[in-house]
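One structure below.
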Amino acid sequence: MDNQINEAHRCCHGGQQQQQHADVVTVTEKCDPFAATAAVETTDTFELGGGGLVGKRPLVFDKMESLVREMQDPENGVPVRSQKLFLTSIPSAFMGYDMIEWLMERLNIEDSVEAIHMANLLCQHGYFFPVGECNKSLSVKDDSSLYRFQTPYYWASQNHSPENSEYVIYLYKRSLRNKQKHGLEEYELEALSRLKRQMAHKWEFIVMQAEEQVRLAKDRKKGDKIVTDSQERAYWRAYRPPPSFLNCLEQPPFPTNSSWTSSAPTSNQRDDAAGTSCTTASANFIRKWKNVEEIKTEVEFVRGQLIRARIKVSVAAETLQQHCATYSEYDPFLHAPQPSNPWLSDDPTYWILNAALVEVPTEKRAKRWAISIEDLVTDQTGLQELTNYLRKEYSHENIRFWLATNQLRSGPASKILHRVQEIYQEFLAPGAPCEINIDGRTMDLVQHEMKRPSRFTFDRAAEHVYNLLLKKDCYPRFVRSDHYKQLLANALQPSQKKRFFSFGATGKKKSIVAATSGITGMGQPVGNMQQLNISCGSSAIRRRGSVGERSLSGSPPDHPHQQTLGVSSTNTSLLLASSSATTAAASAGINSSPAIGSSAGSCTNVSMAPSDECDTPYRSSSTSDSTPILPAEDNVCPWESISSPPPISVASSRTKSILSTPGPSVDQTEPQTPNVSSPSAKKSSFSCSVDSGHLSTDVCPWEFGQRSASGGFLRRYSHQNSRSTAKEFDRSGGAGRRSLSMGVARAGNCESCNN
Amino acid sequence: MPPKDDPETAKLKQELQALIEQCKGLQKGFSDTTLEAATSSAEDLPRIKATTRRMLKGHINKVTSCHYSGDSRHLVSGSLDGKLIVWDTWTGNKIQVIPLRSAWVMCSVFAPSGNYVACGGMDNMCTVYDVNNRDSSGTAKITRELAGYEGFLSTCRFLEDGKIVTGSGDMMITVWDLEAGKKLDQTPAHVGDVCSMSLKAELNLIVTGSVDRCIKLWDVRTLKCVQTFFGHEADVNSVCFHPSGQAFVSASEDKTSRLFDIRSDQQVCIYRPPTANSSLTCCSVSQSGRILLAGSDDSTVHLWDLLKGEHNGNLQGHENRITGLSVADSGIGIATSSWDNGVRVWG
């Protein structure tokens, strides 16, 4: 993260910093090697705030100090003498240009600017300082201004960590002396009063110390006094700079060179790290807190954590292991997904069969629904199946309420008030058409919330419904039900069929994929997601026409259908060929399982035939009985026709009548799929099985009793509901379901009502 | 020297430290075994044979992030060239290229529904684009620009189509209502930049990792901190929920990845790359929760057996630091973004 930011910042500020670096480097290339490192590292302190430099510092100081010692050499150094300024003489001082000249000579610097820069750095590190009051800024000028060397006692390499107590002694001492000469600056006065408060407990000691030092100073010679005073002052000027001035000697506030920046820990350290790391981490965490109030809340929070219920690590490990074991079957990295791993087989059917909403789920997918209710309701198809099942049982008010509240949360803000009222009237008000069964306490909460309707008004009730009714009651019933068993039995097991067709056909399959993706390239603007969805598997989507339209999310009901037809028209022959081929397979009496598996294989065969020929015969055949196609089917898959159960005749007759509703365009393609997986057909077949299934299914006695008691009432409303639910879905599905297929579904629904 | 705390603060800090130590003592009491020991009976993880299936080429600068859509097929990636690209990972085609107002993008996410993408970065803003709604030039329209941060936006996640939660450099986490374009909730989350966030929508939980080296667990509805986890010795670059929702993994600058269990309230496993100098930038867990993946600045993705803590190999191919890693919901693919200007899909 930090790197990323640094990186970006660096880019951001363009070459500025780079430029700086370059400057320094040019300076240093000309200077001797020592100066090179010194200069680079000192500039680094400005840039990085000293991070990681503590370790290197003494080295830098050594180099700077050896230079300063040379400067002070009485023979070859910078000439230091008593300077006469007007009538006063200033002891042991040197002039700015003398030093610059010396530096240029000593280090072979050609440009005086570089020498001044060097001098400035030395000055800022406190090796010499400007004499006189006026010069606060610790800068060096190339003129006759006067400077004085700092005594080695105060040099940075001594590693003074100037303490507040020393500072306050110094300040107090000055305040005791001559006001004119030693008067305190404003910031110093502030610091003094602040420290006086803080150090109240040892103030007497400080006063004593300061007085002692003043007494000693009086005995000294005047010249010495001036020099030592100014040196001490310069020292504090460097370490406690006035506000808005840089202190380049400041220690970084965080520890540097800690364990992780060094190379990999040795094995010993590793063992150790486990124990100590927590402590260091939390210590670091605590150090960062600034605000007292925040610390207080944090303390409260941690105190609350003390009474937290924890489980043993062994239990946690077991849960994790169990989870991994349960789901490893569904992890494409561990087990092959159904129908096949698209990366290995190059077969796009995976994407089609695992779309959010499919007519018939793959076996794995259906199996997964039995693991937990979360697995069921997070899968769109699963949620739909659960709703279907509950509708059949006339107990779907709970799930409808739950879905409605979920929708409310993400719906448009303008309609919230309205929707809240609607939901309340439909599910919660006394005597509501589909009153849900929640306890009194939750009801009170809802009533309370209703005073200020918001997105979350029904959250408590929804949670209650989900946890107590759906999870504990409806879901287990669903998993035990015949409906689910039938789903499992009907689920696609494409991987097995795959094996059968895998030889020989792969080359041709690829050509189809290429052809279909070619269509999208021509037919529509590249880059529309939904349309691409189709393109990748249009052959199979055609077969299950309604599903194809569903995946066209977000478009108005009529258009998508037109569009897809537009696409398919460019290459209808191919699509029809493939779809009819699968139809053949399906109508040959296989309920649903081989449909996809064979589609790939069979369509390769058929697509070789000229389009006109394969178009007509199949259309006619589909309306007739399934037997005439069987010969054609035979050379596709002899094995399927043997193993498969006899065709379902109930569905086909109904489908035709229903399918006439959606419009002419559908008529062309859809009648060829009197295959059970068409939604309307399925729905009607469900409604059949409900009537028969009701008596036989093992519903829990309580549930059954309740229903018989209020049977008439419920039934009457459920008829109403099934109609309104269709609308509901229509609205709710938003993107996914607002399509023509829903029209079909609605038609189917109404019909089942009429029945 | 850092400025000294005044006595009150110092006392509070001491108290805090003592409480945390006490907490640790309690935690230790529940750590009766190690994860590796407890799961020794589990089947060995076979060597993972994943290779690059698609090279998504198109960005002309470092790619900083990538994220899968809920359909496990579409992917959004954001790059310092100032573009978001929406990819179809199966065909390798670009679905959309969205030019951004600021090139300094640090995160890009897809809404689970696939209808929106959001991105943000050093423009201190979170920008949401509607993928399905385009203007006359064919680029996606901006749905919302969410301003009001004092630091860069480092991470965000869609709670649903109309709600987004973000974490930022000003140490805040914020929940936005996209429809109204206003903050629903905001709270100071950490004492350092929030780096990363992972969402468990079903449980209404988010977990955030931060530069302050700790990881916090939040309830999305109230935006109250539920738990704090210590352990890392440097910035926590990335966090990711385990699919079970009972645990999460983290990747850190301290060259380790760790597994924390929520119910036992502590770190249960630590994973170190076999190479000495690989700090980890991003992490994720495979669909089943068995494989831990962590992208590294050594330009590979490290794999571990999450249960047994054994290193399972590397995904090699990128030529520079890996910045983002996203596992498809169905687990069918892994996408990685890198400073080598490339995005790769592994399967």
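Every chain in the structure tokens has a letter given in the order shown (A, B, ...), and although residue numbers restart at 1 in each chain, ligands are simply numbered from 1 in the order shown.
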Worksheet item: Which residues, written as an MDAnalysis selection string, have at least one atom at most 12 Å from Val345 (chain B), with only C-alpha atoms counted and residues fewer than 6 positions away on the same chain left out?
Response: (chainID A and resid 343) or (chainID B and resid 50:57 66:68 72:75 77 87:92 315:318 324:328 331:338)
Would you save the residues from that selection as a compact mmCIF listing (two decimals), in the first residue's frame, using N, CA and C atoms?
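Below you can see again02.txt, which holds the result:
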# COMPACT_ATOMS: atom_id res chain seq x y z
N TRP A 343 -11.94 -23.95 -19.14
CA TRP A 343 -10.56 -23.64 -19.48
C TRP A 343 -9.89 -24.86 -20.11
N ALA B 50 -2.85 -24.67 -11.72
CA ALA B 50 -3.50 -23.54 -12.38
C ALA B 50 -2.48 -22.83 -13.25
N THR B 51 -2.91 -22.46 -14.44
CA THR B 51 -2.02 -21.71 -15.32
C THR B 51 -2.78 -20.51 -15.87
N THR B 52 -2.05 -19.63 -16.53
CA THR B 52 -2.70 -18.47 -17.13
C THR B 52 -3.61 -18.94 -18.25
N ARG B 53 -4.89 -18.61 -18.13
CA ARG B 53 -5.83 -18.99 -19.19
C ARG B 53 -6.07 -17.83 -20.13
N ARG B 54 -6.07 -16.64 -19.62
CA ARG B 54 -6.27 -15.47 -20.48
C ARG B 54 -5.30 -14.39 -20.04
N MET B 55 -4.71 -13.75 -21.03
CA MET B 55 -3.92 -12.56 -20.75
C MET B 55 -4.77 -11.39 -21.21
N LEU B 56 -5.19 -10.57 -20.30
CA LEU B 56 -6.04 -9.45 -20.68
C LEU B 56 -5.14 -8.24 -20.90
N LYS B 57 -4.93 -7.93 -22.17
CA LYS B 57 -4.01 -6.85 -22.49
C LYS B 57 -4.78 -5.63 -22.95
N CYS B 66 -8.29 -5.22 -9.51
CA CYS B 66 -9.25 -5.90 -10.37
C CYS B 66 -10.30 -6.56 -9.47
N HIS B 67 -11.47 -6.78 -10.02
CA HIS B 67 -12.54 -7.36 -9.21
C HIS B 67 -13.55 -8.04 -10.11
N TYR B 68 -13.98 -9.23 -9.69
CA TYR B 68 -14.93 -10.01 -10.46
C TYR B 68 -16.36 -9.52 -10.23
N SER B 72 -19.26 -14.23 -12.14
CA SER B 72 -18.00 -14.98 -12.23
C SER B 72 -17.37 -14.93 -13.61
N ARG B 73 -17.84 -14.02 -14.42
CA ARG B 73 -17.32 -14.01 -15.79
C ARG B 73 -16.75 -12.64 -16.16
N HIS B 74 -17.41 -11.61 -15.73
CA HIS B 74 -16.94 -10.29 -16.07
C HIS B 74 -16.04 -9.74 -14.98
N LEU B 75 -15.11 -8.90 -15.42
CA LEU B 75 -14.07 -8.44 -14.51
C LEU B 75 -13.83 -6.96 -14.78
N SER B 77 -11.05 -3.83 -14.18
CA SER B 77 -9.70 -3.53 -13.72
C SER B 77 -9.46 -2.04 -13.87
N TRP B 87 -13.92 -6.49 -18.62
CA TRP B 87 -13.51 -7.59 -19.49
C TRP B 87 -14.52 -8.73 -19.41
N ASP B 88 -14.58 -9.47 -20.50
CA ASP B 88 -15.21 -10.77 -20.45
C ASP B 88 -14.05 -11.76 -20.31
N THR B 89 -13.94 -12.39 -19.17
CA THR B 89 -12.75 -13.21 -18.94
C THR B 89 -12.76 -14.48 -19.78
N TRP B 90 -13.94 -14.88 -20.24
CA TRP B 90 -13.96 -16.11 -21.02
C TRP B 90 -13.46 -15.86 -22.44
N THR B 91 -13.97 -14.81 -23.08
CA THR B 91 -13.51 -14.55 -24.44
C THR B 91 -12.23 -13.73 -24.45
N GLY B 92 -11.96 -13.03 -23.36
CA GLY B 92 -10.80 -12.16 -23.31
C GLY B 92 -11.06 -10.80 -23.95
N LEU B 315 1.85 -19.21 -8.60
CA LEU B 315 1.39 -18.94 -9.96
C LEU B 315 2.39 -17.95 -10.55
N GLN B 316 3.11 -18.41 -11.56
CA GLN B 316 4.14 -17.54 -12.10
C GLN B 316 3.75 -17.05 -13.48
N GLY B 317 4.09 -15.84 -13.78
CA GLY B 317 3.76 -15.29 -15.08
C GLY B 317 3.90 -13.78 -15.12
N HIS B 318 3.46 -13.14 -14.08
CA HIS B 318 3.57 -11.68 -14.06
C HIS B 318 5.03 -11.27 -13.97
N GLY B 324 -3.50 -6.73 -7.29
CA GLY B 324 -4.87 -7.10 -6.93
C GLY B 324 -5.14 -8.54 -7.29
N LEU B 325 -6.04 -9.16 -6.53
CA LEU B 325 -6.35 -10.56 -6.77
C LEU B 325 -7.82 -10.74 -6.47
N SER B 326 -8.52 -11.38 -7.37
CA SER B 326 -9.95 -11.58 -7.16
C SER B 326 -10.32 -13.00 -7.59
N VAL B 327 -11.05 -13.67 -6.75
CA VAL B 327 -11.50 -15.02 -7.08
C VAL B 327 -12.97 -14.93 -7.46
N ALA B 328 -13.32 -15.57 -8.56
CA ALA B 328 -14.71 -15.54 -9.01
C ALA B 328 -15.60 -16.20 -7.98
N GLY B 331 -15.73 -19.68 -8.24
CA GLY B 331 -14.42 -20.29 -8.08
C GLY B 331 -13.79 -20.72 -9.38
N ILE B 332 -14.42 -20.39 -10.50
CA ILE B 332 -13.95 -20.91 -11.77
C ILE B 332 -12.65 -20.25 -12.21
N GLY B 333 -12.39 -19.06 -11.75
CA GLY B 333 -11.17 -18.38 -12.17
C GLY B 333 -10.61 -17.48 -11.09
N ILE B 334 -9.34 -17.14 -11.29
CA ILE B 334 -8.68 -16.18 -10.41
C ILE B 334 -8.14 -15.09 -11.31
N ALA B 335 -8.37 -13.86 -10.96
CA ALA B 335 -7.82 -12.77 -11.76
C ALA B 335 -6.78 -12.04 -10.94
N THR B 336 -5.69 -11.67 -11.59
CA THR B 336 -4.66 -10.89 -10.89
C THR B 336 -4.31 -9.68 -11.74
N SER B 337 -4.02 -8.59 -11.07
CA SER B 337 -3.56 -7.41 -11.78
C SER B 337 -2.15 -7.09 -11.30
N SER B 338 -1.40 -6.45 -12.15
CA SER B 338 0.00 -6.27 -11.80
C SER B 338 0.55 -4.97 -12.34
Practice prompt. Would you please extract all strand (DSSP E or B) residues from region 82-171 of chain B, as assigned by DSSP on the backbone, and give them as a PyMOL selection string?
Written response: chain B and resi 83-88+94-99+105-110+116-121+126-134+140-146+153-160+163-168
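Among the candidate residues B:Gln267, B:Ser198, B:Ser299, B:Thr34, the one lying nearest to Val220 (chain B) is B:Ser198, with distances computed using only C-alpha atoms.
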Worksheet entry | Residue contacts of Cys434 (chain A) (7 Å, only C-alpha atoms) excluding same-chain residues fewer than 6 positions away, as a PyMOL selection string | chain A and resi 397+426-427
Worksheet entry | Residue with smallest distance to Ile262 (chain B) - pool B:Asp305, B:Ile215, B:Ala276, B:Ala201, counting only C-alpha atoms |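 Checking each candidate against Ile262 (chain B), we get B:Ile215 as the closest.
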